[in-house]
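Engineer: This is the structure I want to talk about, given as structure tokens.
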Amino acid sequence: MSRGRPALKLALFLLLVLLLVGIGLPFLLKHMRLGLDLRGGVHVLLQAQSTPEHTVTPEDMAALERVMRQRVDQLGIAEPLIQREGSDRLIIELAGVSNPEEAISMIGKTALLEFKTADGQVVVTGRDLKDARAQINPQTQQPEIHLKFNPEGTKKFADITKKLSETYPMGSPQRHIGIYLDGQLLTNPHVNGPIPDGNAVITGFTDFKEASKIAALLRGGALPVPVQIAEQRVVGPTLGADSLAKSKQAAMVGLILVALFMLAMYRLPGVVAIFSLGVYALIVLSVLWALKATFTLPGIAGLLLSVGMAVDANILIYERLREELHWGKTLKAAIDSAFQHSIPIIFDCNSNSILAAMILYWLGSGAVRGFALNLGLGVATSFVTAISFTRFLLRLISDVPLFQDLRFYGVKLDPSLKPAKEGV
């Protein structure tokens, strides 16, 4: 019974790993966010414009990024990519948008809301808004936008409506407040009396979709500086699907070839390497999923490169293991010695790769950062997997009498060598 316990322990452990990897990997791959190059969508590059009166500042770009994020949120797009490029450019990538033209239109809109009296004086602007919602008037069945001002805007609106009500009689043209969006008059309502609660209604829309779009722009806020669309691209879903399919095929073929190579070269340790790669993939994808990272083609390239680093670590360990066994050490002693001598080398190699990935991430942007992040994370994970999981599994295997035959490790001892004692 005691001789069967190591084998049972090994079998249960491998079964647990297979279940985790077999269930976890498909789940993670299905729920990973796909980038623009894989899913299709819209890429827009915005150029902030300086004027003779004002030069674009970092504060302006931060405000522009914030407004654009609010606008994109109104489109219902989950977790878009919005990031600055240089000192006066903003990249916006919207993966999986159903209406690219509408998205581009909303991104480029100025959305300057102004309330003007008959004398042309601006009394309230979009900056004074707290909320804007489109709805259908139940009595007229016409679309309208209900506005709610913030405390400062509420006071301004209350003061002007009170002043107009007290100064001009009902029906006077002076009691009108024109509501303008981007300089165009939307409606010119008559002030029937003071409005102290900070609520207003805009009417005069052709349909609910138009009202809803304008309300979303108003909620997003006005742009802090003039902008120009310097570049825009629409990536079709066919291109994204084709790229994703080819990436999956390339990754699958590459992993199968690596697995066959490891099996042919290292026999039983090759099987351990395959299990280690499965655990490595599970950990990396779990971290990326937890970070809500986006899968892109450069990011996939970084992961595949880190798989090569993971295989290199296993090869270093197994070659040293063979040498230790050829020198006549027992299996367990050879395993411990192989890791002891290989870890410093693996650490040095992986440290250089992680350092390079950190520099790329720091200096790069967009796709370069995705490549660097996945490469650095993959290399770090492969190192941890090699020195912990691989070592644990090899020692677990060495406890099983059946697998203590050195032929499972591709080793044929020299008959002149005497068997070493355990621990030597």
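By convention in this document, the chains of the structure tokens carry letters A, B, ... by their order, each chain's residues are numbered from 1, and ligands are numbered from 1 in the order they are shown.
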Could you pull out the strand (DSSP E or B) residues of region 160-249 of chain A from DSSP and send them as a VMD selection string?
Structural biologist: chain A and resid 176 to 181 184 to 187 190 199 to 202 227 to 235
Engineer: Write to file, as a short mmCIF file (atom, residue, chain, number, x, y, z; two decimals), in the first residue's frame, the residues of the selection just made, with N, CA and C atoms.
Structural biologist:
data_model
loop_
_atom_site.label_atom_id
_atom_site.label_comp_id
_atom_site.auth_asym_id
_atom_site.auth_seq_id
_atom_site.Cartn_x
_atom_site.Cartn_y
_atom_site.Cartn_z
N HIS A 176 -37.53 85.72 -23.74
CA HIS A 176 -37.09 84.47 -24.35
C HIS A 176 -35.63 84.19 -23.99
N ILE A 177 -35.31 82.92 -23.80
CA ILE A 177 -33.91 82.48 -23.62
C ILE A 177 -33.63 81.47 -24.71
N GLY A 178 -32.74 81.84 -25.62
CA GLY A 178 -32.37 80.95 -26.72
C GLY A 178 -31.38 79.89 -26.24
N ILE A 179 -31.61 78.66 -26.68
CA ILE A 179 -30.72 77.55 -26.31
C ILE A 179 -29.95 77.14 -27.55
N TYR A 180 -28.61 77.30 -27.49
CA TYR A 180 -27.75 77.07 -28.65
C TYR A 180 -26.82 75.89 -28.39
N LEU A 181 -26.64 75.07 -29.41
CA LEU A 181 -25.68 73.97 -29.36
C LEU A 181 -24.72 74.14 -30.52
N GLN A 184 -25.69 76.83 -32.97
CA GLN A 184 -26.96 76.70 -33.70
C GLN A 184 -28.13 76.74 -32.71
N LEU A 185 -29.14 77.55 -33.06
CA LEU A 185 -30.30 77.67 -32.19
C LEU A 185 -31.15 76.40 -32.23
N LEU A 186 -31.31 75.78 -31.06
CA LEU A 186 -32.16 74.60 -30.97
C LEU A 186 -33.61 74.97 -30.70
N THR A 187 -33.79 75.83 -29.73
CA THR A 187 -35.14 76.26 -29.36
C THR A 187 -35.04 77.60 -28.64
N HIS A 190 -40.04 80.60 -24.12
CA HIS A 190 -40.50 81.79 -23.40
C HIS A 190 -40.45 81.50 -21.90
N ASN A 199 -34.01 73.22 -13.08
CA ASN A 199 -34.47 72.31 -14.13
C ASN A 199 -34.90 73.10 -15.36
N ALA A 200 -34.59 72.54 -16.55
CA ALA A 200 -35.00 73.16 -17.80
C ALA A 200 -35.28 72.07 -18.81
N VAL A 201 -36.06 72.43 -19.82
CA VAL A 201 -36.43 71.48 -20.86
C VAL A 201 -36.12 72.07 -22.23
N ILE A 202 -35.45 71.27 -23.09
CA ILE A 202 -35.18 71.68 -24.46
C ILE A 202 -36.08 70.88 -25.38
N VAL A 227 -10.35 70.75 -31.29
CA VAL A 227 -9.67 69.53 -31.73
C VAL A 227 -9.95 69.29 -33.20
N GLN A 228 -9.05 68.57 -33.83
CA GLN A 228 -9.20 68.17 -35.22
C GLN A 228 -8.91 66.68 -35.32
N ILE A 229 -9.72 65.96 -36.08
CA ILE A 229 -9.47 64.54 -36.29
C ILE A 229 -8.32 64.40 -37.29
N ALA A 230 -7.13 64.06 -36.78
CA ALA A 230 -5.96 63.95 -37.64
C ALA A 230 -5.94 62.64 -38.42
N GLU A 231 -6.56 61.61 -37.86
CA GLU A 231 -6.57 60.30 -38.53
C GLU A 231 -7.75 59.49 -38.02
N GLN A 232 -8.38 58.78 -38.92
CA GLN A 232 -9.45 57.87 -38.50
C GLN A 232 -9.44 56.65 -39.40
N ARG A 233 -9.62 55.49 -38.78
CA ARG A 233 -9.64 54.23 -39.52
C ARG A 233 -10.75 53.35 -38.97
N VAL A 234 -11.41 52.68 -39.86
CA VAL A 234 -12.41 51.69 -39.47
C VAL A 234 -11.87 50.32 -39.84
N VAL A 235 -11.67 49.47 -38.82
CA VAL A 235 -11.16 48.12 -39.04
C VAL A 235 -12.35 47.18 -39.09
#
Engineer: For region 287-290 of chain A, please output as a PyMOL selection string all residues within 9 Å (counting only C-alpha atoms; exclusion window: fewer than 5 positions along the same chain).
Structural biologist: chain A and resi 28+31-33+282+295+374+377
Engineer: Hey, could you make a per-residue contact list for region 95-184 of chain A against region 55-77 of chain A with 9 Å as the cut-off, showing the nearest pair of atoms and its distance in Å to one decimal, counting only C-alpha atoms, sorted by chain and number, as a tab-separated table?
Structural biologist:
residue	atom	partner	partner_atom	distance
A:Ala95	CA	A:Ile77	CA	7.9
A:Gly96	CA	A:Ile77	CA	8.0
A:Val97	CA	A:Ile77	CA	7.1
A:Ala103	CA	A:Leu75	CA	7.4
A:Met106	CA	A:Arg71	CA	7.3
A:Ile107	CA	A:Met68	CA	6.8
Engineer: Given the choices A:Asp182, A:Lys332, A:Val379, A:Gly120, which gets closest to Ile397 (chain A) if the distance is worked out from only C-alpha atoms?
Structural biologist: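 Answer, going by the shortest atom-to-atom distance: A:Lys332.
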Engineer: Out of A:Ile104, A:Ala356, A:Ala211, A:Val225, which residue has the shortest atom-to-atom distance to Val42 (chain A) when counting only C-alpha atoms?
Structural biologist: A:Ile104
Engineer: Need to verify the contact set: region 310-323 of chain A, 8 Å, only C-alpha atoms, exclusion of same-chain residues closer than 2 positions in sequence. Can you return it as a list in words?
Structural biologist: Val258, Tyr266, Pro269, Ala273, Leu277, Ser306, Val307, Gly308, Leu325, His326, Trp327, Ala334, Ile335, Ser337, Ala338, Phe339, His341, Ser342, Ile346, Val379, Ser382, Phe383, Ala386, Tyr409, Gly410 and Val411 of chain A
Engineer: If you run DSSP over the backbone, which residues in region 69-223 of chain A end up alpha helix (DSSP H)? Put them as a ChimeraX atom specification.
Structural biologist: /A:69-74,100-108,151-167,208-220
Engineer: Counting only C-alpha atoms, which of A:Ile214, A:Ala158, A:Ile359, A:Ala11 gets nearest to Pro194 (chain A)?
Structural biologist: A:Ala158
Engineer: Using only C-alpha atoms, pick whichever of A:Leu304, A:Leu19, A:Ala48, A:Leu218 has the shortest atom-to-atom distance to Val253 (chain A).
Structural biologist: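 Answer, going by the shortest atom-to-atom distance: A:Leu304.
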Engineer: Could you give me, as number ranges by chain, the residues within 9 Å of Leu10 (chain A), counting only C-alpha atoms and dropping anything in the same chain fewer than 6 positions from it?
Structural biologist: A: 393, 396-397, 399-400
Engineer: Let me make sure I understand: among A:Leu38, A:Val17, A:Asp88, A:Arg391, which one has the smallest atom-to-atom distance to Ser50 (chain A) if we use only C-alpha atoms?
Structural biologist: A:Asp88
Engineer: Give the answer as one residue: which of A:Leu257, A:Val124, A:Ala380, A:Met262 has the shortest atom-to-atom distance to Phe275 (chain A), using only C-alpha atoms?
Structural biologist: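 Among A:Leu257, A:Val124, A:Ala380, A:Met262, it is A:Met262 that comes nearest to Phe275 (chain A).
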Engineer: Could you state the separation of CA of Lys329 (chain A) and CA of Ile387 (chain A) in Å, given to one decimal place?
Structural biologist: 20.4 Å
Engineer: Using only C-alpha atoms, which residues sit within 12 Å of Gly299 (chain A) once same-chain residues fewer than 4 positions away are excluded, as an mmCIF file with N, CA and C atoms, in the first residue's frame?
Structural biologist:
data_model
loop_
_atom_site.group_PDB
_atom_site.id
_atom_site.type_symbol
_atom_site.label_atom_id
_atom_site.label_comp_id
_atom_site.auth_asym_id
_atom_site.auth_seq_id
_atom_site.Cartn_x
_atom_site.Cartn_y
_atom_site.Cartn_z
ATOM 1 N N ARG A 33 -10.730 40.366 -23.268
ATOM 2 C CA ARG A 33 -11.061 41.492 -24.140
ATOM 3 C C ARG A 33 -10.171 41.462 -25.372
ATOM 4 N N LEU A 34 -10.787 41.661 -26.539
ATOM 5 C CA LEU A 34 -10.035 41.666 -27.787
ATOM 6 C C LEU A 34 -9.834 43.093 -28.245
ATOM 7 N N GLY A 35 -8.634 43.373 -28.720
ATOM 8 C CA GLY A 35 -8.301 44.705 -29.187
ATOM 9 C C GLY A 35 -8.863 44.993 -30.562
ATOM 10 N N ASP A 37 -7.394 45.321 -33.429
ATOM 11 C CA ASP A 37 -6.878 44.550 -34.557
ATOM 12 C C ASP A 37 -7.490 43.156 -34.633
ATOM 13 N N LEU A 38 -8.094 42.690 -33.557
ATOM 14 C CA LEU A 38 -8.691 41.354 -33.547
ATOM 15 C C LEU A 38 -10.219 41.392 -33.645
ATOM 16 N N SER A 247 -3.838 33.778 -35.632
ATOM 17 C CA SER A 247 -3.043 33.816 -34.401
ATOM 18 C C SER A 247 -3.249 32.551 -33.585
ATOM 19 N N LEU A 285 -2.835 34.140 -18.243
ATOM 20 C CA LEU A 285 -4.150 34.587 -18.691
ATOM 21 C C LEU A 285 -5.020 35.038 -17.522
ATOM 22 N N LEU A 288 -3.848 38.560 -16.687
ATOM 23 C CA LEU A 288 -4.310 39.504 -17.711
ATOM 24 C C LEU A 288 -5.814 39.740 -17.606
ATOM 25 N N ALA A 293 -6.876 43.407 -19.098
ATOM 26 C CA ALA A 293 -6.007 43.746 -20.225
ATOM 27 C C ALA A 293 -6.701 43.400 -21.538
ATOM 28 N N THR A 294 -6.244 44.044 -22.607
ATOM 29 C CA THR A 294 -6.810 43.828 -23.932
ATOM 30 C C THR A 294 -5.856 43.004 -24.776
ATOM 31 N N PHE A 295 -6.377 41.955 -25.393
ATOM 32 C CA PHE A 295 -5.579 41.099 -26.280
ATOM 33 C C PHE A 295 -5.423 41.777 -27.644
ATOM 34 N N LEU A 303 3.431 37.199 -25.688
ATOM 35 C CA LEU A 303 3.164 35.964 -24.943
ATOM 36 C C LEU A 303 3.876 34.776 -25.578
ATOM 37 N N LEU A 304 3.818 34.682 -26.914
ATOM 38 C CA LEU A 304 4.473 33.563 -27.595
ATOM 39 C C LEU A 304 5.980 33.608 -27.383
ATOM 40 N N LEU A 305 6.536 34.812 -27.368
ATOM 41 C CA LEU A 305 7.970 34.942 -27.106
ATOM 42 C C LEU A 305 8.300 34.493 -25.689
ATOM 43 N N SER A 306 7.425 34.812 -24.745
ATOM 44 C CA SER A 306 7.667 34.387 -23.364
ATOM 45 C C SER A 306 7.534 32.880 -23.220
ATOM 46 N N ALA A 357 11.670 44.605 -21.293
ATOM 47 C CA ALA A 357 10.217 44.809 -21.375
ATOM 48 C C ALA A 357 9.798 46.066 -20.610
ATOM 49 N N TYR A 361 7.963 49.305 -22.189
ATOM 50 C CA TYR A 361 6.680 49.780 -21.652
ATOM 51 C C TYR A 361 6.775 51.250 -21.262
ATOM 52 N N GLY A 366 0.733 52.405 -26.792
ATOM 53 C CA GLY A 366 -0.169 51.593 -27.591
ATOM 54 C C GLY A 366 0.256 50.152 -27.701
ATOM 55 N N ALA A 367 0.443 49.684 -28.945
ATOM 56 C CA ALA A 367 0.754 48.285 -29.204
ATOM 57 C C ALA A 367 2.091 47.870 -28.599
ATOM 58 N N VAL A 368 3.052 48.794 -28.568
ATOM 59 C CA VAL A 368 4.371 48.480 -27.996
ATOM 60 C C VAL A 368 4.231 48.170 -26.511
ATOM 61 N N ARG A 369 3.396 48.934 -25.822
ATOM 62 C CA ARG A 369 3.181 48.685 -24.399
ATOM 63 C C ARG A 369 2.516 47.338 -24.162
ATOM 64 N N GLY A 370 1.552 46.996 -25.036
ATOM 65 C CA GLY A 370 0.906 45.690 -24.910
ATOM 66 C C GLY A 370 1.892 44.554 -25.082
ATOM 67 N N PHE A 371 2.782 44.679 -26.064
ATOM 68 C CA PHE A 371 3.817 43.670 -26.275
ATOM 69 C C PHE A 371 4.721 43.573 -25.053
ATOM 70 N N ALA A 372 5.160 44.722 -24.540
ATOM 71 C CA ALA A 372 6.081 44.737 -23.405
ATOM 72 C C ALA A 372 5.441 44.155 -22.152
ATOM 73 N N LEU A 373 4.182 44.523 -21.895
ATOM 74 C CA LEU A 373 3.494 44.021 -20.704
ATOM 75 C C LEU A 373 3.361 42.504 -20.745
ATOM 76 N N ASN A 374 2.908 41.977 -21.877
ATOM 77 C CA ASN A 374 2.721 40.527 -21.977
ATOM 78 C C ASN A 374 4.042 39.783 -21.931
ATOM 79 N N LEU A 375 5.070 40.355 -22.549
ATOM 80 C CA LEU A 375 6.392 39.717 -22.509
ATOM 81 C C LEU A 375 6.928 39.688 -21.082
ATOM 82 N N GLY A 376 6.901 40.821 -20.400
ATOM 83 C CA GLY A 376 7.414 40.877 -19.034
ATOM 84 C C GLY A 376 6.649 39.971 -18.091
ATOM 85 N N LEU A 377 5.315 40.001 -18.193
ATOM 86 C CA LEU A 377 4.494 39.142 -17.335
ATOM 87 C C LEU A 377 4.745 37.674 -17.638
ATOM 88 N N GLY A 378 4.850 37.330 -18.923
ATOM 89 C CA GLY A 378 5.082 35.937 -19.310
ATOM 90 C C GLY A 378 6.421 35.415 -18.834
#
